[in-house]
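**Q** Provided herewith: target-v2.txt, compact mmCIF, C-alpha atoms.
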```txt
# COMPACT_ATOMS: atom_id res chain seq x y z
CA MET A 1 40.28 -9.82 -19.31
CA ASN A 2 38.26 -6.70 -20.18
CA ARG A 3 35.44 -5.94 -17.78
CA ILE A 4 32.13 -4.23 -18.46
CA VAL A 5 29.23 -3.18 -16.25
CA THR A 6 25.82 -4.18 -17.53
CA PRO A 7 23.34 -1.27 -17.61
CA GLU A 8 20.50 -3.46 -16.40
CA THR A 9 22.06 -4.61 -13.14
CA GLY A 10 25.34 -2.81 -12.67
CA ALA A 11 26.92 -6.24 -12.19
CA ARG A 12 30.35 -6.97 -13.55
CA THR A 13 30.42 -9.61 -16.24
CA SER A 14 33.03 -11.02 -18.57
CA ALA A 15 33.39 -9.15 -21.85
CA ARG A 16 35.21 -11.96 -23.54
CA ALA A 17 33.77 -14.92 -25.38
CA ASP A 18 36.43 -17.59 -25.42
CA PRO A 19 36.70 -21.36 -24.90
CA HIS A 20 36.70 -20.88 -21.13
CA PHE A 21 33.09 -19.76 -21.25
CA GLY A 22 31.99 -20.69 -24.74
CA SER A 23 29.81 -17.93 -26.16
CA ARG A 24 28.02 -17.39 -22.85
CA PRO A 25 28.68 -14.30 -20.72
CA LEU A 26 29.10 -14.86 -17.01
CA ASP A 27 25.86 -14.81 -15.07
CA PRO A 28 25.16 -11.16 -14.12
CA ASP A 29 23.81 -12.38 -10.77
CA PRO A 30 26.89 -13.73 -8.97
CA GLY A 31 24.80 -15.69 -6.46
CA ARG A 32 24.48 -19.39 -7.09
CA PRO A 33 20.88 -20.61 -7.70
CA ARG A 34 20.40 -21.93 -4.16
CA GLU A 35 21.73 -18.65 -2.70
CA ARG A 36 19.20 -16.73 -4.75
CA LEU A 37 16.48 -18.79 -3.09
CA GLN A 38 17.94 -17.93 0.31
CA ARG A 39 17.91 -14.23 -0.58
CA GLY A 40 14.34 -14.53 -1.85
CA SER A 41 13.15 -15.95 1.47
CA ALA A 42 15.13 -13.54 3.64
CA GLY A 43 12.11 -11.42 4.45
CA ILE A 44 9.95 -14.36 5.51
CA ASN A 45 9.81 -15.14 9.20
CA GLY A 46 10.28 -18.90 9.27
CA VAL A 47 12.66 -21.77 10.00
CA SER A 48 15.72 -22.34 7.83
CA SER A 49 16.42 -26.02 7.33
CA GLY A 50 18.33 -25.77 4.07
CA LYS A 51 21.86 -24.56 4.71
CA GLY A 52 24.31 -25.85 7.28
CA MET A 53 24.78 -23.38 10.11
CA ALA A 54 26.62 -24.12 13.30
CA PRO A 55 24.10 -24.22 16.17
CA SER A 56 25.53 -21.34 18.22
CA MET A 57 28.90 -22.92 17.44
CA PHE A 58 27.71 -25.64 19.83
CA PHE A 59 30.44 -27.96 18.59
CA ALA A 60 33.17 -25.47 17.82
CA GLN A 61 32.95 -23.33 20.93
CA ARG A 62 33.57 -26.27 23.20
CA ARG A 63 36.73 -27.13 21.28
CA LEU A 64 38.22 -23.96 19.86
CA CYS A 65 37.40 -21.91 22.94
CA SER A 66 38.80 -24.56 25.27
CA LEU A 67 42.29 -23.65 24.13
CA GLY A 68 42.78 -21.96 27.47
CA SER A 69 41.49 -18.98 29.40
CA ARG A 70 40.25 -15.92 27.57
CA ALA A 71 43.35 -14.05 28.67
CA LYS A 72 45.64 -16.69 27.18
CA PHE A 73 43.64 -16.71 23.97
CA LEU A 74 43.85 -12.92 23.63
CA LYS A 75 47.57 -13.04 24.38
CA MET A 76 47.98 -15.57 21.60
CA ILE A 77 46.10 -13.63 18.93
CA TYR A 78 47.84 -10.36 19.84
CA SER A 79 51.29 -11.90 19.65
CA PRO A 80 53.58 -10.05 17.18
CA LYS A 81 54.00 -13.30 15.24
CA ILE A 82 50.27 -13.53 14.69
CA PHE A 83 50.13 -10.04 13.19
CA ARG A 84 52.45 -11.09 10.37
CA LEU A 85 51.54 -12.64 7.06
CA SER A 86 51.89 -16.39 6.99
CA THR A 87 53.71 -18.07 4.16
CA SER A 88 51.58 -18.57 1.08
CA ALA A 89 51.47 -22.34 1.61
CA GLY A 90 50.17 -22.00 5.17
CA HIS A 91 51.04 -20.99 8.74
CA PRO A 92 53.89 -23.28 9.93
CA SER A 93 52.07 -24.58 13.00
CA LEU A 94 48.97 -25.46 10.95
CA VAL A 95 50.70 -27.26 8.07
CA LYS A 96 52.65 -29.28 10.66
CA ALA A 97 49.43 -30.18 12.49
CA LEU A 98 47.76 -31.21 9.24
CA SER A 99 50.81 -33.24 8.22
CA CYS A 100 50.82 -35.05 11.54
CA LEU A 101 47.06 -35.65 11.55
CA TYR A 102 46.79 -37.00 8.02
CA GLY A 103 50.06 -38.86 8.28
CA LYS A 104 48.15 -41.27 10.51
CA PHE A 105 46.02 -42.32 7.52
CA TYR A 106 48.63 -42.48 4.76
CA GLN A 107 51.40 -45.02 4.38
CA ASN A 108 53.85 -42.25 3.51
CA GLN A 109 54.90 -39.34 5.69
CA ILE A 110 53.43 -36.05 4.49
CA ASP A 111 55.91 -33.20 4.00
CA PRO A 112 54.28 -30.14 5.64
CA ASN A 113 56.27 -27.74 3.47
CA LYS A 114 55.72 -29.36 0.08
CA GLU A 115 52.59 -31.52 0.27
CA VAL A 116 50.13 -29.34 2.22
CA LEU A 117 48.48 -26.10 1.13
CA VAL A 118 46.19 -24.03 3.40
CA THR A 119 43.49 -22.25 1.41
CA VAL A 120 40.55 -19.86 1.71
CA GLY A 121 38.11 -22.63 2.53
CA ALA A 122 37.70 -25.89 0.65
CA TYR A 123 36.25 -23.65 -2.06
CA GLY A 124 39.71 -22.15 -2.46
CA SER A 125 41.22 -25.63 -2.61
CA LEU A 126 38.86 -26.59 -5.42
CA PHE A 127 39.61 -23.40 -7.30
CA ASN A 128 43.37 -23.81 -6.96
CA ALA A 129 43.24 -27.46 -8.03
CA ILE A 130 41.06 -26.88 -11.06
CA GLN A 131 42.86 -23.73 -12.19
CA GLY A 132 46.27 -25.26 -11.55
CA LEU A 133 45.73 -28.68 -13.11
CA ILE A 134 43.07 -28.33 -15.81
CA ASP A 135 43.98 -26.96 -19.24
CA GLU A 136 41.87 -25.85 -22.16
CA GLY A 137 40.28 -28.87 -23.84
CA ASP A 138 40.73 -31.22 -20.88
CA GLU A 139 37.72 -33.29 -19.86
CA VAL A 140 36.74 -33.54 -16.19
CA ILE A 141 34.28 -36.18 -14.97
CA VAL A 142 31.67 -34.71 -12.61
CA ILE A 143 29.32 -36.98 -10.66
CA VAL A 144 25.69 -35.79 -10.48
CA PRO A 145 24.40 -34.41 -8.19
CA PHE A 146 27.44 -32.27 -7.46
CA TYR A 147 28.45 -29.33 -5.29
CA ASP A 148 27.36 -26.45 -7.47
CA CYS A 149 30.75 -24.81 -8.05
CA TYR A 150 32.28 -27.85 -9.77
CA GLU A 151 30.84 -27.21 -13.21
CA PRO A 152 31.52 -23.44 -13.47
CA MET A 153 35.04 -23.85 -12.08
CA VAL A 154 35.85 -26.48 -14.71
CA ARG A 155 34.48 -24.25 -17.46
CA MET A 156 36.40 -21.22 -16.17
CA ALA A 157 39.62 -23.21 -16.50
CA GLY A 158 38.77 -24.07 -20.10
CA GLY A 159 37.85 -27.66 -19.32
CA THR A 160 34.81 -29.64 -20.42
CA PRO A 161 32.71 -31.25 -17.69
CA VAL A 162 31.57 -34.79 -18.49
CA PHE A 163 28.60 -35.77 -16.34
CA ILE A 164 27.55 -39.12 -14.92
CA SER A 165 24.62 -39.61 -12.53
CA LEU A 166 24.33 -41.58 -9.35
CA ARG A 167 21.23 -43.75 -9.68
CA SER A 168 19.08 -45.33 -7.01
CA LYS A 169 18.62 -49.06 -6.50
CA HIS A 170 16.04 -48.61 -3.72
CA VAL A 171 14.35 -51.80 -2.52
CA ASP A 172 10.68 -51.47 -1.53
CA GLY A 173 10.03 -52.14 2.14
CA LYS A 174 13.43 -50.86 3.26
CA LYS A 175 14.43 -47.40 4.39
CA TRP A 176 15.89 -45.46 1.51
CA SER A 177 19.62 -45.02 2.12
CA SER A 178 22.29 -42.95 0.44
CA SER A 179 24.13 -46.24 -0.14
CA ASP A 180 21.34 -47.19 -2.57
CA TRP A 181 22.70 -44.54 -4.95
CA THR A 182 25.54 -45.90 -7.06
CA LEU A 183 27.47 -45.41 -10.28
CA ASP A 184 27.16 -47.95 -13.05
CA PRO A 185 30.75 -49.25 -13.54
CA GLU A 186 30.34 -49.71 -17.30
CA GLU A 187 28.83 -46.26 -17.75
CA LEU A 188 31.63 -44.76 -15.66
CA ALA A 189 34.28 -46.51 -17.75
CA SER A 190 32.69 -45.11 -20.92
CA LYS A 191 33.31 -41.56 -19.65
CA PHE A 192 37.09 -42.04 -19.56
CA ASN A 193 39.25 -41.45 -22.63
CA SER A 194 42.56 -39.90 -23.67
CA LYS A 195 41.19 -36.38 -22.99
CA THR A 196 40.12 -37.17 -19.41
CA LYS A 197 42.33 -35.08 -17.14
CA ALA A 198 40.53 -35.54 -13.83
CA ILE A 199 37.53 -36.84 -11.97
CA ILE A 200 36.01 -34.90 -9.06
CA LEU A 201 35.01 -37.22 -6.22
CA ASN A 202 32.93 -36.11 -3.23
CA SER A 203 32.72 -38.53 -0.30
CA PRO A 204 30.89 -38.18 2.02
CA HIS A 205 28.65 -36.68 -0.62
CA ASN A 206 26.73 -33.43 -0.64
CA PRO A 207 23.74 -33.47 -1.00
CA LEU A 208 23.07 -37.24 -0.85
CA GLY A 209 25.24 -38.15 2.14
CA LYS A 210 26.67 -41.13 0.25
CA VAL A 211 29.89 -42.65 1.62
CA TYR A 212 31.68 -44.52 -1.14
CA THR A 213 32.64 -48.09 -0.28
CA LYS A 214 36.06 -49.66 -0.78
CA GLU A 215 34.75 -51.52 -3.84
CA GLU A 216 33.31 -48.35 -5.40
CA LEU A 217 36.52 -46.41 -4.79
CA GLN A 218 38.58 -49.23 -6.27
CA VAL A 219 36.60 -49.03 -9.53
CA ILE A 220 37.37 -45.31 -9.72
CA ALA A 221 41.03 -45.84 -8.79
CA ASP A 222 41.51 -48.54 -11.44
CA LEU A 223 40.11 -46.26 -14.14
CA CYS A 224 42.24 -43.32 -12.99
CA ILE A 225 45.36 -45.47 -13.22
CA LYS A 226 44.37 -46.99 -16.57
CA TYR A 227 43.78 -43.60 -18.19
CA ASP A 228 46.45 -41.68 -16.23
CA THR A 229 43.75 -39.45 -14.74
CA LEU A 230 43.94 -37.16 -11.71
CA CYS A 231 41.46 -37.37 -8.84
CA ILE A 232 40.30 -34.24 -7.02
CA SER A 233 38.83 -35.74 -3.85
CA ASP A 234 36.51 -33.39 -1.95
CA GLU A 235 36.38 -34.88 1.57
CA VAL A 236 35.11 -31.95 3.62
CA TYR A 237 32.63 -34.15 5.53
CA GLU A 238 35.25 -36.80 6.31
CA TRP A 239 34.61 -36.77 10.09
CA LEU A 240 30.83 -36.97 9.69
CA VAL A 241 30.31 -40.67 9.00
CA TYR A 242 27.63 -42.65 10.80
CA THR A 243 27.36 -46.11 12.36
CA GLY A 244 28.09 -48.98 9.99
CA ASN A 245 30.05 -46.86 7.52
CA GLU A 246 33.72 -45.97 7.11
CA HIS A 247 35.32 -43.07 5.28
CA LEU A 248 38.20 -44.25 3.10
CA LYS A 249 40.62 -41.93 1.37
CA ILE A 250 41.11 -42.78 -2.28
CA ALA A 251 44.62 -41.34 -2.06
CA THR A 252 45.57 -44.29 0.16
CA PHE A 253 44.71 -46.82 -2.56
CA PRO A 254 47.69 -48.32 -4.46
CA GLY A 255 48.80 -46.03 -7.27
CA MET A 256 46.57 -43.13 -6.19
CA TRP A 257 48.70 -40.94 -3.92
CA GLU A 258 50.70 -39.60 -6.86
CA ARG A 259 47.54 -38.59 -8.77
CA THR A 260 45.21 -37.32 -6.02
CA ILE A 261 44.52 -33.95 -4.41
CA THR A 262 42.59 -34.43 -1.15
CA ILE A 263 40.57 -31.47 0.11
CA GLY A 264 39.49 -30.76 3.69
CA SER A 265 37.64 -27.99 5.52
CA ALA A 266 37.88 -26.33 8.92
CA GLY A 267 34.38 -24.95 8.45
CA LYS A 268 32.86 -28.42 8.14
CA THR A 269 35.15 -30.04 10.72
CA PHE A 270 34.70 -27.47 13.50
CA SER A 271 31.40 -25.84 12.40
CA VAL A 272 33.11 -22.52 11.74
CA THR A 273 32.26 -21.93 8.10
CA GLY A 274 32.84 -18.20 8.47
CA TRP A 275 36.53 -18.78 9.12
CA LYS A 276 36.99 -19.86 5.49
CA LEU A 277 39.95 -22.17 6.00
CA GLY A 278 40.54 -25.32 4.00
CA TRP A 279 43.49 -27.36 2.83
CA SER A 280 44.80 -29.48 0.00
CA ILE A 281 47.04 -32.49 0.52
CA GLY A 282 48.89 -34.30 -2.24
CA PRO A 283 52.26 -35.01 -3.85
CA ASN A 284 54.56 -32.06 -4.41
CA HIS A 285 54.45 -32.40 -8.20
CA LEU A 286 50.72 -31.57 -8.03
CA ILE A 287 50.59 -29.27 -5.00
CA LYS A 288 53.17 -26.91 -6.53
CA HIS A 289 50.71 -25.99 -9.28
CA LEU A 290 48.03 -25.18 -6.70
CA GLN A 291 50.58 -23.07 -4.84
CA THR A 292 51.28 -21.10 -8.01
CA VAL A 293 47.60 -20.24 -8.36
CA GLN A 294 47.32 -19.21 -4.71
CA GLN A 295 50.60 -17.27 -4.76
CA ASN A 296 49.25 -15.14 -7.59
CA SER A 297 45.68 -14.70 -6.38
CA ILE A 298 44.83 -14.49 -2.67
CA TYR A 299 48.44 -15.19 -1.60
CA THR A 300 47.74 -16.37 1.95
CA CYS A 301 45.08 -16.87 4.64
CA ALA A 302 44.49 -15.02 7.92
CA THR A 303 47.26 -15.90 10.39
CA PRO A 304 45.26 -15.70 13.68
CA LEU A 305 42.64 -18.12 12.36
CA GLN A 306 45.32 -20.52 11.17
CA GLU A 307 47.04 -20.45 14.55
CA ALA A 308 43.77 -21.08 16.41
CA LEU A 309 42.93 -23.96 14.07
CA ALA A 310 46.39 -25.46 14.52
CA ARG A 311 45.99 -25.46 18.30
CA ALA A 312 42.59 -27.11 18.04
CA PHE A 313 44.00 -29.83 15.80
CA TRP A 314 46.99 -30.47 18.07
CA ILE A 315 44.63 -31.21 20.97
CA ASP A 316 43.00 -34.06 19.06
CA VAL A 317 46.10 -35.28 17.22
CA LYS A 318 47.42 -36.27 20.64
CA ARG A 319 44.28 -38.20 21.59
CA MET A 320 43.02 -39.84 18.42
CA ASP A 321 42.30 -43.08 20.28
CA ASP A 322 40.45 -41.31 23.11
CA PRO A 323 36.61 -41.44 23.09
CA GLU A 324 36.68 -37.73 23.95
CA CYS A 325 38.56 -36.92 20.74
CA TYR A 326 36.38 -34.35 19.01
CA LEU A 327 37.08 -35.68 15.53
CA ASN A 328 35.75 -39.08 16.56
CA SER A 329 32.82 -37.88 18.70
CA LEU A 330 31.31 -35.34 16.30
CA SER A 331 29.44 -37.90 14.20
CA LYS A 332 27.96 -39.55 17.32
CA GLU A 333 26.45 -36.24 18.38
CA LEU A 334 25.00 -35.58 14.93
CA GLU A 335 23.67 -39.11 14.34
CA VAL A 336 20.98 -38.50 16.96
CA LYS A 337 19.86 -35.37 15.11
CA ARG A 338 19.91 -37.22 11.79
CA ASP A 339 17.63 -39.98 13.09
CA TRP A 340 15.30 -37.41 14.61
CA MET A 341 15.04 -35.54 11.29
CA VAL A 342 14.38 -38.77 9.36
CA HIS A 343 11.46 -39.62 11.67
CA LEU A 344 10.08 -36.10 11.42
CA LEU A 345 10.14 -36.03 7.61
CA GLU A 346 8.51 -39.46 7.41
CA SER A 347 5.71 -38.30 9.70
CA VAL A 348 4.48 -35.76 7.14
CA GLY A 349 4.64 -38.14 4.19
CA LEU A 350 8.05 -37.27 2.81
CA LYS A 351 10.43 -40.04 1.69
CA PRO A 352 13.84 -39.19 3.17
CA ILE A 353 17.05 -40.78 1.96
CA VAL A 354 18.96 -41.63 5.14
CA PRO A 355 22.50 -40.27 4.76
CA ASP A 356 25.52 -42.36 5.73
CA GLY A 357 27.58 -39.19 6.16
CA GLY A 358 27.43 -35.39 6.16
CA TYR A 359 24.69 -33.31 7.75
CA PHE A 360 22.10 -33.10 5.00
CA ILE A 361 19.05 -35.23 4.21
CA ILE A 362 17.31 -35.17 0.86
CA ALA A 363 13.70 -36.24 0.58
CA ASP A 364 11.25 -37.06 -2.20
CA VAL A 365 8.43 -34.53 -1.87
CA SER A 366 6.34 -35.65 -4.84
CA LEU A 367 3.91 -37.74 -2.75
CA LEU A 368 2.67 -34.61 -0.96
CA ASP A 369 1.02 -33.46 -4.18
CA ALA A 370 1.31 -29.83 -3.10
CA ASP A 371 -0.72 -27.23 -5.01
CA LEU A 372 1.97 -25.11 -6.66
CA SER A 373 -0.36 -23.25 -9.02
CA ASP A 374 0.30 -19.91 -7.34
CA MET A 375 4.06 -20.17 -7.74
CA LYS A 376 5.45 -17.86 -10.40
CA ASN A 377 7.71 -18.92 -13.26
CA SER A 378 6.22 -22.22 -14.38
CA ASN A 379 9.42 -23.04 -16.27
CA GLU A 380 11.31 -23.68 -13.04
CA PRO A 381 11.95 -27.28 -11.94
CA TYR A 382 9.38 -28.75 -9.57
CA ASP A 383 11.70 -28.64 -6.54
CA TYR A 384 12.34 -24.89 -6.97
CA LYS A 385 8.59 -24.22 -7.01
CA PHE A 386 8.02 -26.58 -4.08
CA VAL A 387 10.70 -24.91 -1.94
CA LYS A 388 9.24 -21.47 -2.64
CA TRP A 389 5.75 -22.78 -1.84
CA MET A 390 6.92 -24.40 1.40
CA THR A 391 8.79 -21.27 2.47
CA LYS A 392 5.77 -19.07 1.78
CA ASN A 393 3.01 -21.34 3.12
CA LYS A 394 4.72 -23.44 5.78
CA LYS A 395 7.47 -21.04 6.86
CA LEU A 396 10.04 -23.80 6.43
CA SER A 397 12.90 -23.48 3.94
CA ALA A 398 15.00 -26.08 2.16
CA ILE A 399 17.24 -26.33 -0.91
CA PRO A 400 16.11 -27.79 -4.27
CA VAL A 401 18.35 -30.68 -5.28
CA SER A 402 18.18 -29.80 -8.98
CA ALA A 403 20.44 -26.85 -8.04
CA PHE A 404 23.15 -29.51 -7.75
CA CYS A 405 22.61 -30.79 -11.30
CA ASN A 406 23.59 -29.85 -14.81
CA LYS A 407 20.84 -28.75 -17.17
CA GLU A 408 20.37 -32.18 -18.70
CA THR A 409 19.84 -34.02 -15.38
CA LYS A 410 17.61 -31.57 -13.51
CA LEU A 411 14.47 -33.56 -14.34
CA GLN A 412 16.03 -36.67 -12.78
CA PHE A 413 16.33 -34.96 -9.38
CA GLU A 414 13.57 -32.32 -9.40
CA LYS A 415 11.34 -34.21 -6.94
CA PHE A 416 13.95 -33.96 -4.16
CA VAL A 417 14.75 -31.19 -1.68
CA ARG A 418 17.58 -30.97 0.83
CA PHE A 419 17.16 -30.43 4.56
CA CYS A 420 19.93 -29.77 7.09
CA PHE A 421 20.11 -31.13 10.63
CA ILE A 422 23.22 -29.44 12.03
CA LYS A 423 21.03 -26.97 13.89
CA LYS A 424 20.36 -25.75 17.39
CA ASP A 425 17.81 -27.88 19.23
CA SER A 426 15.53 -24.86 19.39
CA THR A 427 15.61 -24.58 15.58
CA LEU A 428 14.87 -28.27 15.18
CA ASP A 429 12.06 -27.97 17.72
CA ALA A 430 10.56 -25.10 15.72
CA ALA A 431 10.80 -27.20 12.55
CA GLU A 432 9.07 -30.05 14.38
CA GLU A 433 6.13 -27.83 15.33
CA ILE A 434 5.74 -26.70 11.72
CA ILE A 435 5.90 -30.26 10.38
CA LYS A 436 3.48 -31.62 13.00
CA ALA A 437 0.97 -28.91 12.13
CA TRP A 438 1.48 -29.72 8.47
CA SER A 439 0.89 -33.41 9.18
CA ARG A 440 -2.40 -32.65 10.94
CA GLN A 441 -3.57 -30.68 7.91
CA THR A 442 -2.81 -33.51 5.49
CA SER A 443 -4.29 -36.33 7.62
```
Here is a file; write its structure as structure tokens.
**A**
Amino acid sequence: MNRIVTPETGARTSARADPHFGSRPLDPDPGRPRERLQRGSAGINGVSSGKGMAPSMFFAQRRLCSLGSRAKFLKMIYSPKIFRLSTSAGHPSLVKALSCLYGKFYQNQIDPNKEVLVTVGAYGSLFNAIQGLIDEGDEVIVIVPFYDCYEPMVRMAGGTPVFISLRSKHVDGKKWSSSDWTLDPEELASKFNSKTKAIILNSPHNPLGKVYTKEELQVIADLCIKYDTLCISDEVYEWLVYTGNEHLKIATFPGMWERTITIGSAGKTFSVTGWKLGWSIGPNHLIKHLQTVQQNSIYTCATPLQEALARAFWIDVKRMDDPECYLNSLSKELEVKRDWMVHLLESVGLKPIVPDGGYFIIADVSLLDADLSDMKNSNEPYDYKFVKWMTKNKKLSAIPVSAFCNKETKLQFEKFVRFCFIKKDSTLDAAEEIIKAWSRQTS
């Protein structure tokens, strides 16, 4: 691909106009829309409640740094073996740990050397899967709202995203729950055809926090089998599922293992997003295509981080039935923060959607009737203007949910913003003070 530098910004953009991108050049600003908002509010002294940030690694430090004394840890990372490149598919100790861990959930034994791939974050897993499995002209079903890299990654591979929205069936008088948001089975079936190569599934869902039920997953599985369609299952929040809900892996459904790539994340599991380690699990006839992409792009991931992650996993693999198992206790710790955030948002007149999983809450902000007249760029969706207004006037930031939508569905979700509750208590306390003061002003 030829590369040019635009005189206006100095940013590198694509010089080609081909089916991968249509006639559109790549966006000269490489930041995704929600990251641009974060950059725009960087100079404002306030409380960030939009993005997930580990509260002083309050979960991860207890686990990853309990691998032994500091001396033992340093001895481990300075071992000659740790200085070497790992194999492209993943550090041997980590792929074995992942194989053993996930083998507890699948009926078949997972081959660590052929059915596991360690990647640069779950982002890398998504990229490898889409680049390795999607060809020009293939259609990929994307469920709205969606993690914002899905659409551009599909287009980069030459595929055509086909969108379908989750819609709410909220009942007045009840708390609004992420489980109220569902797909219409008939509408979903209408999206499948002979060109459908894959569907991207995200459960637990970002940003809604929806955890798909067995019945909902079965509908998707039946359609995948009927149309011989692949499923790229983004399950990075798999351990963050709250009381009354259960995370089920669609790859464990009859006929789905052979057509599913399951994606996980160390950043979401251990609150170490900066480590950028993820993984893909699936049958060898699919994984080998992801390996080809990785082999010829980033090649491999950092060995010391993989070794540390493997040791953390081995601790809990051996005690999965123990209440102290980190993988089982994490959601219990976060559920308290979730309930606290729900109450806080309700107190100022927002209508939160209580998530069944993940660590985000979205809320309808339209009832606040905020005066956004001083916000620039009137063509922006309402939630973008609201978030900028709230950051400027209330010193509290959030993420507009329309950033997780394609152009045609932004209006459907523009009255919602996303808050995050995986925060230090001090950060949540600061947010509480802001919201209480806000509530006094509106009462």
**Q** So which residues touch range 191-197 of chain A within 10 Å, counting all atoms listed in the file, skipping near sequence neighbours fewer than 5 positions away, as an MDAnalysis selection string?
**A** chainID A and resid 133:135 137:142 159:164 186 223:224 226:231
**Q** Tell me which protein, DNA and RNA residues are within 8 Å of Thr252 in chain A, counting all atoms listed in the file, leaving out same-chain ones fewer than 5 positions away, and put them as a list of chain:residue names.
**A**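 My reading of the contact set: A:Phe105, A:Tyr106, A:Gln107, A:Trp257.
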**Q** Which of these, A:Met256, A:Leu344, A:Val417, A:Ile232, has the shortest distance to Ser402 in chain A once you count all atoms listed in the file?
**A**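 Among the listed residues, the smallest separation from Ser402 in chain A belongs to A:Val417.
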**Q** Pick out the residues sitting within 12 Å of Cys100 in chain A, and hand them over as a list in words; count only C-alpha atoms, and ignore anything fewer than 2 positions along from it in its own chain.
**A** Ser93, Leu94, Val95, Lys96, Ala97, Leu98, Tyr102, Gly103, Lys104, Phe105, Tyr106, Asn108, Gln109, Ile110, Asp111, Pro112, Glu115, Val116, Ile281, Ala310, Phe313, Trp314, Ile315, Asp316, Val317, Lys318 and Met320 of chain A
**Q** Taking all atoms listed in the file into account, name the residue in A:Leu208, A:Leu305, A:Leu286, A:Ile422 that is nearest to Leu334 in chain A.
**A**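 Checking each candidate against Leu334 in chain A, we get A:Ile422 as the closest.
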**Q** So what do you get for CA of His289 in chain A versus CA of Ser265 in chain A, distance-wise?
**A** 19.8 Å
**Q** Under the rule that all atoms listed in the file are counted, which of A:Phe127, A:Tyr326, A:Phe416, A:Tyr147 is the nearest residue to Phe386 in chain A?
**A** A:Phe416
**Q** When you draw a straight line from CA of Lys394 in chain A to CA of Gln441 in chain A, how long is it in Å?
**A**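 CA of Lys394 in chain A sits 11.2 Å away from CA of Gln441 in chain A.
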**Q** CA of Ala308 in chain A to CA of Lys337 in chain A: how many Å, to one decimal?
**A**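 A separation of 27.9 Å between them.
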**Q** Counting all atoms listed in the file, what are the residues of range 123-210 of chain A within 12 Å of range 361-370 of chain A, and for each of them which pair of atoms is the nearest and at what distance in Å, to one decimal? Sort the table by chain and rising number, as a tab-separated table.
**A**
```
residue	atom	partner	partner_atom	distance
A:Pro145	CA	A:Ile362	CA	11.5
A:Lys175	CA	A:Ala363	CA	11.8
A:Trp176	CA	A:Ala363	CA	9.5
A:Ser177	CA	A:Ile361	CA	10.0
A:Ser178	CA	A:Ile361	CA	9.2
A:His205	CA	A:Ile361	CA	10.8
A:Asn206	CA	A:Ile361	CA	9.3
A:Pro207	CA	A:Ile362	CA	6.9
A:Leu208	CA	A:Ile362	CA	6.4
A:Gly209	CA	A:Ile361	CA	7.2
A:Lys210	CA	A:Ile361	CA	10.4
```
**Q** Taking only C-alpha atoms into account, which of A:Gly255, A:Pro323, A:Ala398, A:Lys174 comes nearest Ile353 in chain A?
**A**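 Checking each candidate against Ile353 in chain A, we get A:Lys174 as the closest.
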**Q** Have a look at A:Val211, A:Phe413, A:Arg418, A:Lys81 and name the one nearest to Ile399 in chain A; count all atoms listed in the file.
**A** A:Arg418
**Q** Would you mind telling me which residue in A:Thr262, A:Ser125, A:Thr427, A:Ser179 lies nearest to Cys149 in chain A when using all atoms listed in the file?
**A**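 Closest residue, counting all atoms listed in the file: A:Ser125.
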**Q** Calculate, to one decimal in Å, the centre and edge lengths of the box along x, y and z of the file that holds all listed atoms of range 349-362 of chain A with 3 Å of margin on each side, and present them as lines of an AutoDock Vina configuration file.
**A**
```
center_x = 16.1
center_y = -37.7
center_z = 4.3
size_x = 28.9
size_y = 15.3
size_z = 12.9
```
